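Note: the block below is start.txt and it holds compact mmCIF, C-alpha atoms.
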```txt
# COMPACT_ATOMS: atom_id res chain seq x y z
CA MET A 14 0.00 0.00 0.00
CA HIS A 15 1.30 3.43 -0.97
CA ILE A 16 0.16 6.84 0.28
CA ASN A 17 0.62 10.17 -1.47
CA ASP A 18 -0.41 13.59 -0.15
CA LEU A 19 -1.85 15.62 -3.03
CA ASP A 20 -3.11 19.18 -3.15
CA VAL A 21 -6.63 19.46 -4.56
CA ALA A 22 -8.35 22.86 -4.53
CA GLY A 23 -6.18 24.02 -1.64
CA THR A 24 -6.82 20.92 0.46
CA THR A 25 -3.99 18.50 1.17
CA THR A 26 -5.54 15.09 0.68
CA PRO A 27 -3.91 11.73 1.36
CA VAL A 28 -4.69 9.03 -1.19
CA SER A 29 -3.88 5.37 -0.50
CA TYR A 30 -3.48 2.98 -3.39
CA THR A 31 -2.18 -0.44 -4.36
CA GLU A 32 -0.09 -1.15 -7.42
CA HIS A 33 0.19 -4.45 -9.28
CA GLY A 34 1.74 -5.81 -12.47
CA GLU A 35 3.62 -4.38 -15.41
CA GLY A 36 2.40 -3.24 -18.81
CA HIS A 37 -0.42 -1.01 -19.98
CA PRO A 38 -1.42 1.28 -17.08
CA PHE A 39 -4.94 1.14 -15.64
CA LEU A 40 -6.49 3.31 -12.95
CA LEU A 41 -9.22 1.17 -11.39
CA LEU A 42 -11.84 3.11 -9.39
CA HIS A 43 -14.13 1.34 -6.92
CA GLY A 44 -17.76 2.06 -6.14
CA GLY A 45 -19.65 2.56 -2.89
CA GLY A 46 -18.94 -0.99 -1.74
CA GLY A 47 -15.32 -0.03 -1.14
CA PRO A 48 -11.92 -1.06 -2.47
CA GLN A 49 -12.47 -4.77 -1.91
CA THR A 50 -15.05 -4.74 -4.73
CA VAL A 51 -12.28 -4.21 -7.32
CA ALA A 52 -9.30 -5.89 -5.62
CA GLY A 53 -9.96 -9.30 -7.17
CA PHE A 54 -10.44 -7.84 -10.64
CA ALA A 55 -7.15 -5.93 -10.33
CA GLU A 56 -5.41 -9.23 -9.59
CA LEU A 57 -7.18 -10.95 -12.49
CA LEU A 58 -6.25 -8.18 -14.91
CA THR A 59 -2.56 -8.34 -13.99
CA ALA A 60 -2.52 -12.15 -13.95
CA GLU A 61 -4.07 -12.63 -17.37
CA ARG A 62 -2.99 -9.51 -19.27
CA HIS A 63 0.14 -7.36 -19.57
CA ALA A 64 -1.23 -4.69 -17.25
CA HIS A 65 -0.02 -2.29 -14.56
CA VAL A 66 -3.00 -1.59 -12.30
CA ILE A 67 -3.28 1.30 -9.81
CA THR A 68 -6.20 0.86 -7.41
CA PRO A 69 -6.78 3.89 -5.17
CA ILE A 70 -9.07 4.06 -2.14
CA HIS A 71 -11.41 7.05 -2.18
CA PRO A 72 -10.60 9.07 0.96
CA GLY A 73 -12.96 7.98 3.74
CA PHE A 74 -13.38 4.44 2.39
CA GLY A 75 -11.59 1.35 3.63
CA GLY A 76 -10.78 2.97 6.96
CA THR A 77 -8.84 5.86 5.36
CA ALA A 78 -9.01 9.53 6.32
CA ARG A 79 -11.11 12.12 4.49
CA PRO A 80 -10.32 15.83 5.00
CA ASP A 81 -13.39 17.79 6.10
CA ARG A 82 -13.31 20.02 3.00
CA PHE A 83 -13.01 17.07 0.64
CA THR A 84 -16.65 16.29 -0.13
CA THR A 85 -17.45 16.02 -3.85
CA ILE A 86 -17.17 13.68 -6.82
CA GLY A 87 -15.47 16.53 -8.71
CA GLN A 88 -12.73 16.72 -6.08
CA LEU A 89 -12.17 12.97 -6.39
CA ALA A 90 -11.76 13.41 -10.15
CA GLN A 91 -9.20 16.18 -9.56
CA LEU A 92 -7.43 13.99 -7.00
CA TYR A 93 -6.91 11.17 -9.47
CA ILE A 94 -5.75 13.47 -12.24
CA ALA A 95 -3.18 14.76 -9.72
CA LEU A 96 -2.25 11.19 -8.79
CA LEU A 97 -1.52 10.30 -12.42
CA ASP A 98 0.69 13.40 -12.61
CA ARG A 99 2.51 12.45 -9.39
CA LEU A 100 3.12 8.92 -10.66
CA GLY A 101 4.19 10.17 -14.09
CA LEU A 102 1.94 7.70 -15.91
CA ASP A 103 0.92 8.12 -19.55
CA ASP A 104 -1.58 6.37 -21.86
CA VAL A 105 -3.66 5.38 -18.85
CA THR A 106 -7.00 3.62 -19.18
CA VAL A 107 -9.37 4.67 -16.40
CA VAL A 108 -11.95 2.04 -15.42
CA GLY A 109 -14.62 3.00 -12.88
CA ASN A 110 -17.55 1.07 -11.42
CA SER A 111 -20.64 2.74 -9.91
CA ILE A 112 -19.48 6.00 -8.25
CA GLY A 113 -16.03 5.12 -9.60
CA GLY A 114 -17.57 5.41 -13.05
CA TRP A 115 -19.05 8.77 -12.11
CA ILE A 116 -15.58 9.92 -11.03
CA ALA A 117 -14.12 8.62 -14.30
CA ALA A 118 -16.75 10.55 -16.29
CA GLU A 119 -15.75 13.75 -14.49
CA MET A 120 -12.07 12.98 -15.15
CA ALA A 121 -12.88 12.87 -18.87
CA LEU A 122 -13.79 16.56 -18.60
CA LEU A 123 -10.54 17.62 -16.90
CA ASP A 124 -6.90 17.44 -18.05
CA THR A 125 -6.78 14.17 -19.95
CA THR A 126 -3.16 14.49 -21.14
CA ARG A 127 -2.17 11.29 -19.35
CA ILE A 128 -5.35 9.33 -20.21
CA SER A 129 -5.82 7.32 -23.41
CA SER A 130 -9.32 5.94 -22.77
CA ILE A 131 -12.03 5.62 -20.14
CA GLU A 132 -14.40 2.74 -19.41
CA LEU A 133 -17.57 3.29 -17.40
CA VAL A 134 -18.84 0.12 -15.73
CA ASP A 135 -22.41 0.45 -14.44
CA ALA A 136 -21.69 4.06 -13.55
CA VAL A 137 -24.06 6.23 -11.55
CA GLY A 138 -24.09 10.03 -11.84
CA ILE A 139 -26.17 10.69 -14.94
CA GLU A 140 -29.79 11.85 -14.78
CA VAL A 141 -32.17 9.75 -16.88
CA PRO A 142 -35.87 10.72 -16.61
CA GLY A 143 -37.95 7.75 -15.54
CA HIS A 144 -34.86 5.75 -14.58
CA PRO A 145 -33.59 7.07 -11.24
CA VAL A 146 -30.70 5.42 -9.43
CA VAL A 147 -32.08 3.42 -6.50
CA ASP A 148 -31.85 5.06 -3.08
CA PHE A 149 -29.03 2.89 -1.77
CA PHE A 150 -29.37 4.19 1.78
CA ALA A 151 -33.01 3.14 2.02
CA LEU A 152 -32.20 -0.50 1.26
CA THR A 153 -31.46 -3.37 3.62
CA PHE A 154 -28.42 -5.52 2.85
CA PRO A 155 -30.56 -8.29 1.30
CA GLU A 156 -32.33 -5.67 -0.83
CA ILE A 157 -28.96 -4.28 -1.96
CA ALA A 158 -27.92 -7.77 -3.06
CA GLN A 159 -31.23 -8.32 -4.88
CA ARG A 160 -30.74 -5.15 -6.90
CA SER A 161 -26.98 -5.51 -7.41
CA TYR A 162 -26.63 -9.05 -8.75
CA TYR A 163 -28.08 -11.46 -11.28
CA GLU A 164 -27.56 -14.18 -8.67
CA PRO A 165 -27.92 -12.27 -5.39
CA ASP A 166 -27.81 -15.28 -3.08
CA LYS A 167 -24.11 -15.69 -3.88
CA PHE A 168 -23.26 -12.20 -2.64
CA LEU A 169 -25.33 -11.59 0.50
CA ILE A 170 -23.63 -9.53 3.22
CA ASP A 171 -24.51 -10.18 6.88
CA PRO A 172 -22.92 -7.48 9.07
CA SER A 173 -23.67 -9.57 12.18
CA THR A 174 -21.00 -12.06 11.11
CA MET A 175 -18.33 -9.34 10.78
CA THR A 176 -15.72 -8.35 13.32
CA ALA A 177 -16.07 -4.98 15.04
CA GLN A 178 -13.31 -3.61 12.81
CA GLN A 179 -15.02 -4.84 9.65
CA GLN A 180 -18.31 -3.30 10.80
CA ALA A 181 -16.52 0.01 11.44
CA VAL A 182 -15.03 0.00 7.94
CA LEU A 183 -18.45 -0.78 6.45
CA ALA A 184 -20.01 2.09 8.39
CA GLY A 185 -17.20 4.39 7.27
CA ASN A 186 -17.77 3.43 3.65
CA ARG A 187 -21.47 4.28 3.90
CA ALA A 188 -20.70 7.58 5.64
CA ALA A 189 -18.17 8.57 2.98
CA LEU A 190 -20.58 7.61 0.21
CA SER A 191 -23.29 9.78 1.75
CA VAL A 192 -20.90 12.76 1.84
CA TYR A 193 -19.75 12.45 -1.77
CA THR A 194 -23.31 11.99 -3.08
CA SER A 195 -25.06 14.42 -0.70
CA ASP A 196 -28.38 15.76 -2.00
CA THR A 197 -27.76 14.36 -5.48
CA SER A 198 -29.69 11.08 -5.45
CA MET A 199 -26.53 9.54 -6.93
CA MET A 200 -26.62 11.94 -9.86
CA ASP A 201 -25.56 15.38 -11.10
CA THR A 202 -28.25 17.10 -13.15
CA THR A 203 -25.57 18.96 -15.14
CA LEU A 204 -23.47 15.94 -16.10
CA ARG A 205 -25.39 14.67 -19.11
CA GLU A 206 -25.11 17.95 -21.00
CA ARG A 207 -21.47 18.46 -20.04
CA LEU A 208 -20.51 15.04 -21.40
CA SER A 209 -20.93 16.35 -24.96
CA ALA A 210 -17.50 17.96 -24.52
CA VAL A 211 -15.70 14.65 -23.92
CA ALA A 212 -13.06 13.99 -26.59
CA LEU A 213 -11.56 10.73 -25.27
CA PRO A 214 -12.48 7.23 -26.48
CA ILE A 215 -15.13 5.93 -24.08
CA ARG A 216 -16.63 2.48 -23.65
CA VAL A 217 -19.73 2.09 -21.49
CA ILE A 218 -20.10 -1.44 -20.06
CA TRP A 219 -23.31 -2.48 -18.31
CA GLY A 220 -24.85 -5.50 -16.67
CA ASP A 221 -28.21 -6.42 -18.19
CA HIS A 222 -29.64 -7.22 -14.72
CA ASP A 223 -28.40 -4.07 -12.95
CA ARG A 224 -31.28 -2.86 -10.79
CA ILE A 225 -29.27 -0.17 -8.99
CA ALA A 226 -28.78 1.84 -12.19
CA ASP A 227 -30.59 0.04 -14.99
CA PRO A 228 -29.24 -0.33 -18.56
CA ALA A 229 -31.14 2.78 -19.66
CA SER A 230 -28.57 4.76 -17.66
CA GLY A 231 -25.77 3.08 -19.56
CA ARG A 232 -27.33 3.84 -22.91
CA ALA A 233 -27.85 7.45 -21.80
CA TYR A 234 -24.16 7.72 -20.93
CA ALA A 235 -23.18 6.32 -24.32
CA ASP A 236 -25.61 8.60 -26.15
CA ALA A 237 -24.37 11.69 -24.29
CA ILE A 238 -20.68 11.13 -25.13
CA PRO A 239 -19.53 11.62 -28.73
CA ASN A 240 -18.58 8.31 -30.38
CA ALA A 241 -18.90 6.29 -27.16
CA GLU A 242 -19.37 2.51 -27.38
CA PHE A 243 -21.97 0.57 -25.38
CA VAL A 244 -21.48 -3.05 -24.33
CA LEU A 245 -24.14 -5.06 -22.49
CA LEU A 246 -23.01 -8.02 -20.39
CA THR A 247 -25.60 -10.79 -20.04
CA GLU A 248 -26.60 -12.40 -16.74
CA THR A 249 -24.75 -9.64 -14.90
CA GLY A 250 -25.75 -7.04 -12.34
CA HIS A 251 -24.30 -3.79 -11.00
CA MET A 252 -20.80 -5.13 -10.26
CA PRO A 253 -19.52 -7.23 -13.17
CA GLN A 254 -16.03 -7.27 -11.67
CA LEU A 255 -17.41 -9.41 -8.83
CA GLU A 256 -20.13 -11.39 -10.58
CA THR A 257 -18.80 -12.03 -14.08
CA PRO A 258 -15.13 -10.96 -14.03
CA LYS A 259 -14.15 -13.33 -16.86
CA ARG A 260 -16.76 -11.65 -19.04
CA LEU A 261 -15.72 -8.16 -18.00
CA LEU A 262 -12.00 -8.78 -18.56
CA PRO A 263 -12.04 -8.97 -22.40
CA ALA A 264 -14.52 -6.09 -22.60
CA VAL A 265 -12.12 -3.90 -20.60
CA TRP A 266 -8.84 -5.12 -22.08
CA ASP A 267 -9.78 -5.23 -25.76
CA PHE A 268 -10.95 -1.62 -25.76
CA ALA A 269 -7.90 -0.37 -23.84
CA HIS A 270 -5.49 -2.36 -26.02
CA ALA A 271 -7.10 -1.12 -29.25
CA ARG A 272 -6.70 2.50 -28.18
CA ASN A 273 -2.97 1.99 -27.70
CA HIS A 274 -2.44 -0.32 -30.69
CA PRO A 275 -4.66 1.11 -33.45
CA PRO A 276 -4.79 -0.82 -36.74
CA ARG A 277 -2.30 0.32 -39.33
```
Target encoding structure tokens, full file:
Amino acid sequence: MHINDLDVAGTTTPVSYTEHGEGHPFLLLHGGGGPQTVAGFAELLTAERHAHVITPIHPGFGGTARPDRFTTIGQLAQLYIALLDRLGLDDVTVVGNSIGGWIAAEMALLDTTRISSIELVDAVGIEVPGHPVVDFFALTFPEIAQRSYYEPDKFLIDPSTMTAQQQAVLAGNRAALSVYTSDTSMMDTTLRERLSAVALPIRVIWGDHDRIADPASGRAYADAIPNAEFVLLTETGHMPQLETPKRLLPAVWDFAHARNHPPR
């Protein structure tokens, strides 16, 4: 685990991250479930492809600190642009799931000098009339599983079986998520229009059984971004990296590899 202190909008913010593998660089951004929701996919990506994967922890998640003035998705996007600068990485593919996808979408509107492509995996953040993102905080853990997975029984979380430390981390994740998405219902009403300015190659990847943010949200993302691709994964819910990682892997890798090795 590495930690860098980065200045974002006048606030010194520590960012913790893990680093695995060698090859094409990926920045892998987790959703509201915390860093463990992408850890296995980071290992899979480096084991089966020539990939160098950076997996940061959003400040406040995973037991990490969050400065009081660090409260928005936009600040997270700035933080990760600054992290890529600090690490001196180029031709980076950014892959984000859920709020990680929302952060990635905002990164596409900032300084993208070091980024070659972005992949949004069941991302929240975009407003789609008639298709609101589910109120995560109103759901019980069984209800979260029912809406998050094609086969929810395989992924049920029972906090009563956790240690006190694990329960504290879980509570911290939920608290941090509520801060970053405060009063937005998991969306920014300005994002859809702003996405028309995105110039990067974008692939939108969605689970066909996502009932947190349904596939209409994915198609709206793809429609809002010039020349974006849309890929639907079958028998998959809100977190493909957990439920169908072997299906997600080629969808992520092939797009990233094509951007860096265009046909002659």
Interface rows for region 142-189 of chain A against region 199-207 of chain A: nearest pair, Å to one decimal, 12 Å, only C-alpha atoms, as a tab-separated table:
```
residue	atom	partner	partner_atom	distance
A:Pro142	CA	A:Thr202	CA	10.5
A:His144	CA	A:Met200	CA	11.3
A:Pro145	CA	A:Met200	CA	8.6
A:Val146	CA	A:Met199	CA	6.4
A:Val147	CA	A:Met199	CA	8.3
A:Asp148	CA	A:Met199	CA	7.9
A:Phe149	CA	A:Met199	CA	8.8
A:Phe150	CA	A:Met199	CA	10.6
```
Given the selection you just returned, output its residues as a file containing C-alpha atoms, formatted as a compact mmCIF listing (two decimals), in the coordinates of the input.
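Below is the file that was written, selection.txt:
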```txt
# COMPACT_ATOMS: atom_id res chain seq x y z
CA PRO A 142 -35.87 10.72 -16.61
CA HIS A 144 -34.86 5.75 -14.58
CA PRO A 145 -33.59 7.07 -11.24
CA VAL A 146 -30.70 5.42 -9.43
CA VAL A 147 -32.08 3.42 -6.50
CA ASP A 148 -31.85 5.06 -3.08
CA PHE A 149 -29.03 2.89 -1.77
CA PHE A 150 -29.37 4.19 1.78
```
> Quick one: of A:Leu102, A:Val211, A:Ile131, A:Ile86, who's nearest to Thr194 (chain A), counting only C-alpha atoms?
Replying inline: A:Ile86
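Compared by their closest atoms to Arg260 (chain A), and using all atoms listed in the file, the residues A:Leu58, A:Leu40, A:Leu97, A:Ala177 rank with A:Leu58 nearest.
Nearest to Arg127 (chain A) of all the residues A:Ala78, A:Leu19, A:Leu96, A:Ala151 is A:Leu96, based on all atoms listed in the file.
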Report, as lines of an AutoDock Vina configuration file, the axis-aligned box around all atoms of region 235-249 of chain A present in the file, extended by 8 Å on each side; give centre and edge lengths in Å to one decimal place.
```
center_x = -22.6
center_y = -0.4
center_z = -22.6
size_x = 24.0
size_y = 40.1
size_z = 31.5
```
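Distance check against Gln49 (chain A) using only C-alpha atoms: of A:Asn186, A:Ser230, A:Thr257, A:Thr176, the minimum falls on A:Asn186.
The neighbours of Ile112 (chain A) here are the residues that come within 7 Å of it, using all atoms listed in the file and leaving out any residue fewer than 4 positions away in the same chain; they are A:Gly44, A:Gly45, A:Ile116, A:Ala136, A:Val137.
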